[in-house]
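Quick notes on the structure that follows.
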Amino acid sequence: MAFHSRVVESANENPALAVQERVLGVPITDRNFREISLRHDREDKIFWCFMDQTGRPSYTYSLGAEIQQVQDWIANNYTMPTNSTHDDLRYFVCGSKTPGIYNLGGDLRHFAECIRNRDLAAMRSYAETCVRMQYANANSFGAPIITMALVQGDALGGGFEHALAFDILVAERSARMGLPEIIFNLFPGMGAYSFLLRRVGRKKAESFILEGKIHSAEELFELGIVDILVEDGQGEAAIVEYCQKGRARFAAERAVYLARRAADPVELEELLRITNIWAETAMTLTEADVRKMERLADAQERRIQRSLTSAI
């Protein structure tokens, strides 16, 4: 999958085309997706994007391609001149439809195949695609909006990295988050170091990565990593309430997050350099390390199957 989105760099290049797409294009919520579910609550000005996979909830190429369509659509349709009267999207929320799971991270089976085949180019391609999407997430797709991650369940590895990229991280109390890559002698290379460094500092960021511990949402709330902690089952309602209460101060709140980026930006070049280290490090893994990676994928898939069976 080639990264086709240029949402941050080119958002203002052709506003006339964006107007045309808004008037003539099919609403993205009417498109047929296989990996995501969308909802646009125009009254509350919230756009909901839920990862909705039937297999292991991980960052596959197919999921990435669909998320990129959403990123591009928002950039094309909402990065408009400041005198635009179009104001039905102020908040973007990314969540998951998989019970008990936000996202379990990278495509471990793809990694194992690439490592065994010594295919560094494929690992770099996957990693670059992911961090470019992370960069778009971290910059609100170039649109004048506030972004949120809604974590209901486990956000592990790349799933946790993904949640860290948004302006606000909302988590239900039973959610768990962590970076377990150290168990197979790797580190999370798609933004974890950069985003954690800016939230909790170097020492805690490196501890998170090197210990590989899975943390409760409450622990992360106390550390300031989770911004809003809510009771189980109340995530969506809490976000709606937050957005409604924040209507009068939306411009100021958004400006604060823009100031955060200006004061301590996560640059694309930084993300690309780190993810290249990740890809090169992956090529040094032993066969024993790769088997651990595959056993983790097996365990996660068994968990998904049990979840699906119990839901029938």
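Every chain in the structure tokens has a letter given in the order shown (A, B, ...), and although residue numbers restart at 1 in each chain, ligands are simply numbered from 1 in the order shown.
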Using only C-alpha atoms, which residues sit within 7 Å of stretch 241-252 of chain A once same-chain residues fewer than 4 positions away are excluded, as a short mmCIF file (atom, residue, chain, number, x, y, z; two decimals) with N, CA, C and O atoms, in the first residue's frame?
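Contents of around-v8.cif, freshly written:
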data_model
loop_
_atom_site.label_atom_id
_atom_site.label_comp_id
_atom_site.auth_asym_id
_atom_site.auth_seq_id
_atom_site.Cartn_x
_atom_site.Cartn_y
_atom_site.Cartn_z
N ASP A 44 -24.05 17.49 16.79
CA ASP A 44 -23.00 17.62 17.80
C ASP A 44 -21.64 17.93 17.18
O ASP A 44 -20.66 18.11 17.91
N ALA A 237 -20.97 8.50 25.32
CA ALA A 237 -21.80 9.52 25.97
C ALA A 237 -20.94 10.60 26.60
O ALA A 237 -21.28 11.80 26.56
N VAL A 256 -5.22 26.00 21.87
CA VAL A 256 -4.29 25.46 22.85
C VAL A 256 -3.54 24.26 22.27
O VAL A 256 -2.32 24.12 22.45
#
(message) Report as number ranges by chain all protein, DNA and RNA residues lying within 12 Å of stretch 275-288 of chain A, evaluated on only C-alpha atoms, omitting residues in the same chain fewer than 5 positions from it.
(response) A: 108, 110-132, 134, 158, 181-194, 268-270, 293-295
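Within stretch 222-264 of chain A, DSSP run on the backbone puts these residues in alpha helix (DSSP H): Glu222, Leu223, Gly235, Glu236, Ala237, Ala238, Ile239, Val240, Glu241, Tyr242, Cys243, Gln244, Lys245, Phe250, Ala251, Ala252, Glu253, Arg254, Ala255, Val256, Tyr257, Leu258, Ala259, Arg260, Arg261, Ala262 and Ala263 of chain A.
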Selection to disk with C-alpha atoms, as a compact mmCIF listing (two decimals), in the first residue's frame:
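Dumped everything to result_8.txt:
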# COMPACT_ATOMS: atom_id res chain seq x y z
CA GLU A 222 -2.71 9.53 37.03
CA LEU A 223 0.41 9.92 34.89
CA GLY A 235 -17.19 6.49 26.54
CA GLU A 236 -19.35 7.73 23.69
CA ALA A 237 -21.80 9.52 25.97
CA ALA A 238 -18.95 11.19 27.82
CA ILE A 239 -17.45 12.47 24.57
CA VAL A 240 -20.80 13.86 23.42
CA GLU A 241 -21.21 15.62 26.78
CA TYR A 242 -17.66 16.98 26.60
CA CYS A 243 -18.21 18.36 23.10
CA GLN A 244 -21.53 19.92 24.00
CA LYS A 245 -20.10 21.62 27.08
CA PHE A 250 -13.99 25.43 20.96
CA ALA A 251 -11.82 28.04 19.24
CA ALA A 252 -9.72 28.58 22.36
CA GLU A 253 -9.35 24.87 23.08
CA ARG A 254 -8.30 24.11 19.53
CA ALA A 255 -5.82 26.98 19.71
CA VAL A 256 -4.29 25.46 22.85
CA TYR A 257 -3.62 22.20 20.99
CA LEU A 258 -2.15 24.14 18.07
CA ALA A 259 0.09 25.96 20.56
CA ARG A 260 1.13 22.60 22.01
CA ARG A 261 2.26 21.48 18.56
CA ALA A 262 4.06 24.77 17.93
CA ALA A 263 5.89 24.64 21.26
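Minimum atom-to-atom distances from A:Glu206, A:Asp264, A:Gln68, A:Leu104 to A:Ala136 were compared using only C-alpha atoms, and the lowest value belongs to A:Gln68.
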DSSP on the backbone, then: every residue of stretch 55-301 of chain A marked strand (DSSP E), written as a CSV table (one decimal) with N, CA, C and O atoms, in the first residue's frame.
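So part-v3.csv came out as:
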chain,number,residue,atom,x,y,z
A,91,TYR,N,-15.1,17.9,15.9
A,91,TYR,CA,-14.4,16.8,16.6
A,91,TYR,C,-14.4,15.5,15.8
A,91,TYR,O,-15.4,15.1,15.2
A,92,PHE,N,-13.2,14.9,15.8
A,92,PHE,CA,-13.0,13.6,15.1
A,92,PHE,C,-12.7,12.6,16.2
A,92,PHE,O,-11.8,12.9,17.0
A,93,VAL,N,-13.4,11.5,16.3
A,93,VAL,CA,-13.2,10.5,17.3
A,93,VAL,C,-12.9,9.2,16.7
A,93,VAL,O,-13.6,8.7,15.8
A,94,CYS,N,-11.8,8.5,17.1
A,94,CYS,CA,-11.5,7.2,16.6
A,94,CYS,C,-11.6,6.2,17.7
A,94,CYS,O,-11.1,6.3,18.8
A,95,GLY,N,-12.4,5.2,17.5
A,95,GLY,CA,-12.7,4.1,18.4
A,95,GLY,C,-12.6,2.7,17.8
A,95,GLY,O,-12.1,2.6,16.7
A,96,SER,N,-13.2,1.8,18.4
A,96,SER,CA,-13.2,0.4,17.9
A,96,SER,C,-14.6,-0.3,18.2
A,96,SER,O,-15.2,-0.1,19.3
A,101,ILE,N,-11.4,-4.5,22.8
A,101,ILE,CA,-10.1,-4.3,22.1
A,101,ILE,C,-10.2,-3.0,21.3
A,101,ILE,O,-11.1,-2.8,20.5
A,102,TYR,N,-9.3,-2.1,21.5
A,102,TYR,CA,-9.1,-0.9,20.7
A,102,TYR,C,-8.3,-1.3,19.4
A,102,TYR,O,-8.8,-1.3,18.3
A,103,ASN,N,-7.1,-1.7,19.6
A,103,ASN,CA,-6.3,-2.3,18.6
A,103,ASN,C,-5.1,-2.9,19.2
A,103,ASN,O,-4.5,-2.4,20.1
A,146,ILE,N,-10.6,19.2,16.5
A,146,ILE,CA,-10.0,18.6,17.6
A,146,ILE,C,-10.2,17.1,17.5
A,146,ILE,O,-11.2,16.6,17.1
A,147,THR,N,-9.1,16.3,17.7
A,147,THR,CA,-9.2,14.9,17.5
A,147,THR,C,-9.1,14.1,18.8
A,147,THR,O,-8.4,14.6,19.8
A,148,MET,N,-9.8,13.0,18.9
A,148,MET,CA,-9.8,12.2,20.1
A,148,MET,C,-9.7,10.7,19.8
A,148,MET,O,-10.2,10.2,18.8
A,149,ALA,N,-9.0,10.0,20.7
A,149,ALA,CA,-9.0,8.5,20.7
A,149,ALA,C,-10.0,8.1,21.8
A,149,ALA,O,-9.9,8.6,22.9
A,150,LEU,N,-10.9,7.1,21.5
A,150,LEU,CA,-11.7,6.6,22.5
A,150,LEU,C,-11.3,5.1,22.7
A,150,LEU,O,-11.5,4.3,21.8
A,151,VAL,N,-10.6,4.8,23.8
A,151,VAL,CA,-10.1,3.5,24.1
A,151,VAL,C,-11.0,2.7,25.0
A,151,VAL,O,-11.2,3.1,26.2
A,154,ASP,N,-8.3,-3.1,25.1
A,154,ASP,CA,-6.9,-3.1,25.1
A,154,ASP,C,-6.4,-2.3,23.9
A,154,ASP,O,-6.8,-2.5,22.7
A,155,ALA,N,-5.4,-1.4,24.1
A,155,ALA,CA,-4.6,-0.7,23.1
A,155,ALA,C,-3.2,-1.1,23.3
A,155,ALA,O,-2.5,-0.5,24.2
A,156,LEU,N,-2.7,-2.0,22.5
A,156,LEU,CA,-1.3,-2.5,22.7
A,156,LEU,C,-0.4,-2.2,21.6
A,156,LEU,O,-0.8,-2.2,20.4
A,168,ILE,N,-6.6,14.4,22.3
A,168,ILE,CA,-7.2,14.0,23.6
A,168,ILE,C,-7.3,12.5,23.6
A,168,ILE,O,-7.9,11.9,22.6
A,169,LEU,N,-6.9,11.8,24.7
A,169,LEU,CA,-7.0,10.4,24.8
A,169,LEU,C,-8.1,10.1,25.9
A,169,LEU,O,-7.9,10.4,27.1
A,170,VAL,N,-9.2,9.6,25.5
A,170,VAL,CA,-10.3,9.2,26.4
A,170,VAL,C,-10.3,7.7,26.6
A,170,VAL,O,-10.2,6.9,25.6
A,171,ALA,N,-10.4,7.2,27.8
A,171,ALA,CA,-10.3,5.8,28.1
A,171,ALA,C,-11.4,5.4,29.1
A,171,ALA,O,-11.6,6.1,30.0
A,172,GLU,N,-12.0,4.2,28.9
A,172,GLU,CA,-12.9,3.7,29.9
A,172,GLU,C,-12.0,3.0,30.9
A,172,GLU,O,-10.9,2.5,30.7
A,176,ARG,N,-6.9,-1.2,28.9
A,176,ARG,CA,-5.4,-1.5,29.3
A,176,ARG,C,-4.6,-1.0,28.1
A,176,ARG,O,-5.0,-1.2,26.9
A,177,MET,N,-3.4,-0.4,28.4
A,177,MET,CA,-2.6,0.1,27.3
A,177,MET,C,-1.1,-0.2,27.7
A,177,MET,O,-0.7,-0.2,28.8
A,178,GLY,N,-0.3,-0.6,26.6
A,178,GLY,CA,1.1,-0.9,26.9
A,178,GLY,C,1.8,-1.1,25.6
A,178,GLY,O,1.2,-1.2,24.5
A,214,ILE,N,1.9,-3.7,30.8
A,214,ILE,CA,0.6,-3.3,30.4
A,214,ILE,C,0.0,-2.5,31.6
A,214,ILE,O,-0.1,-3.0,32.7
A,215,HIS,N,-0.5,-1.3,31.3
A,215,HIS,CA,-1.0,-0.4,32.4
A,215,HIS,C,-2.5,-0.3,32.3
A,215,HIS,O,-3.1,-0.3,31.2
A,216,SER,N,-3.1,-0.1,33.4
A,216,SER,CA,-4.5,0.2,33.5
A,216,SER,C,-4.8,1.7,33.0
A,216,SER,O,-3.9,2.5,33.1
A,228,ILE,N,-8.9,11.9,29.7
A,228,ILE,CA,-10.3,11.8,30.3
A,228,ILE,C,-10.5,10.3,30.6
A,228,ILE,O,-10.5,9.4,29.8
A,229,LEU,N,-10.9,10.0,31.9
A,229,LEU,CA,-11.2,8.7,32.3
A,229,LEU,C,-12.6,8.6,32.7
A,229,LEU,O,-13.2,9.4,33.4
A,230,VAL,N,-13.3,7.6,32.1
A,230,VAL,CA,-14.8,7.5,32.2
A,230,VAL,C,-15.1,6.0,32.6
A,230,VAL,O,-14.3,5.1,32.4
(message) So, with only C-alpha atoms as the atoms that count, which of A:His162, A:Lys203, A:Lys292, A:Arg198 lies closest to A:Pro180?
(response) A:Lys292
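Interatomic distance, atom CA of A:Leu196 to atom CA of A:Lys45: 29.0 Å.
Using only C-alpha atoms for every distance, the candidate list A:Ile74, A:Leu89, A:Ala65, A:Ile274 yields A:Leu89 as the residue closest to A:Phe47.
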(request) Compare A:Ala297, A:Gln152, A:Leu210, A:Gln305 by their minimum atom-to-atom distance to A:Gln234, counting only C-alpha atoms, and give me the closest one. (result) A:Gln152
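Residues within 8 Å of A:Ile28, counting only C-alpha atoms and excluding same-chain residues fewer than 3 positions away, are Arg31, Val70 and Trp73 of chain A.
Minimum atom-to-atom distance to A:Gln71, evaluated using only C-alpha atoms, belongs to A:Tyr135 out of A:Tyr135, A:Gln53, A:Lys97, A:Arg39.
Atom pair atom CA of A:Val266 / atom CA of A:Lys204: separated by 17.8 Å.
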(message) One decimal, in Å: what's the spacing between atom CA of A:Ser174 and atom CA of A:Glu218?
(response) 8.4 Å
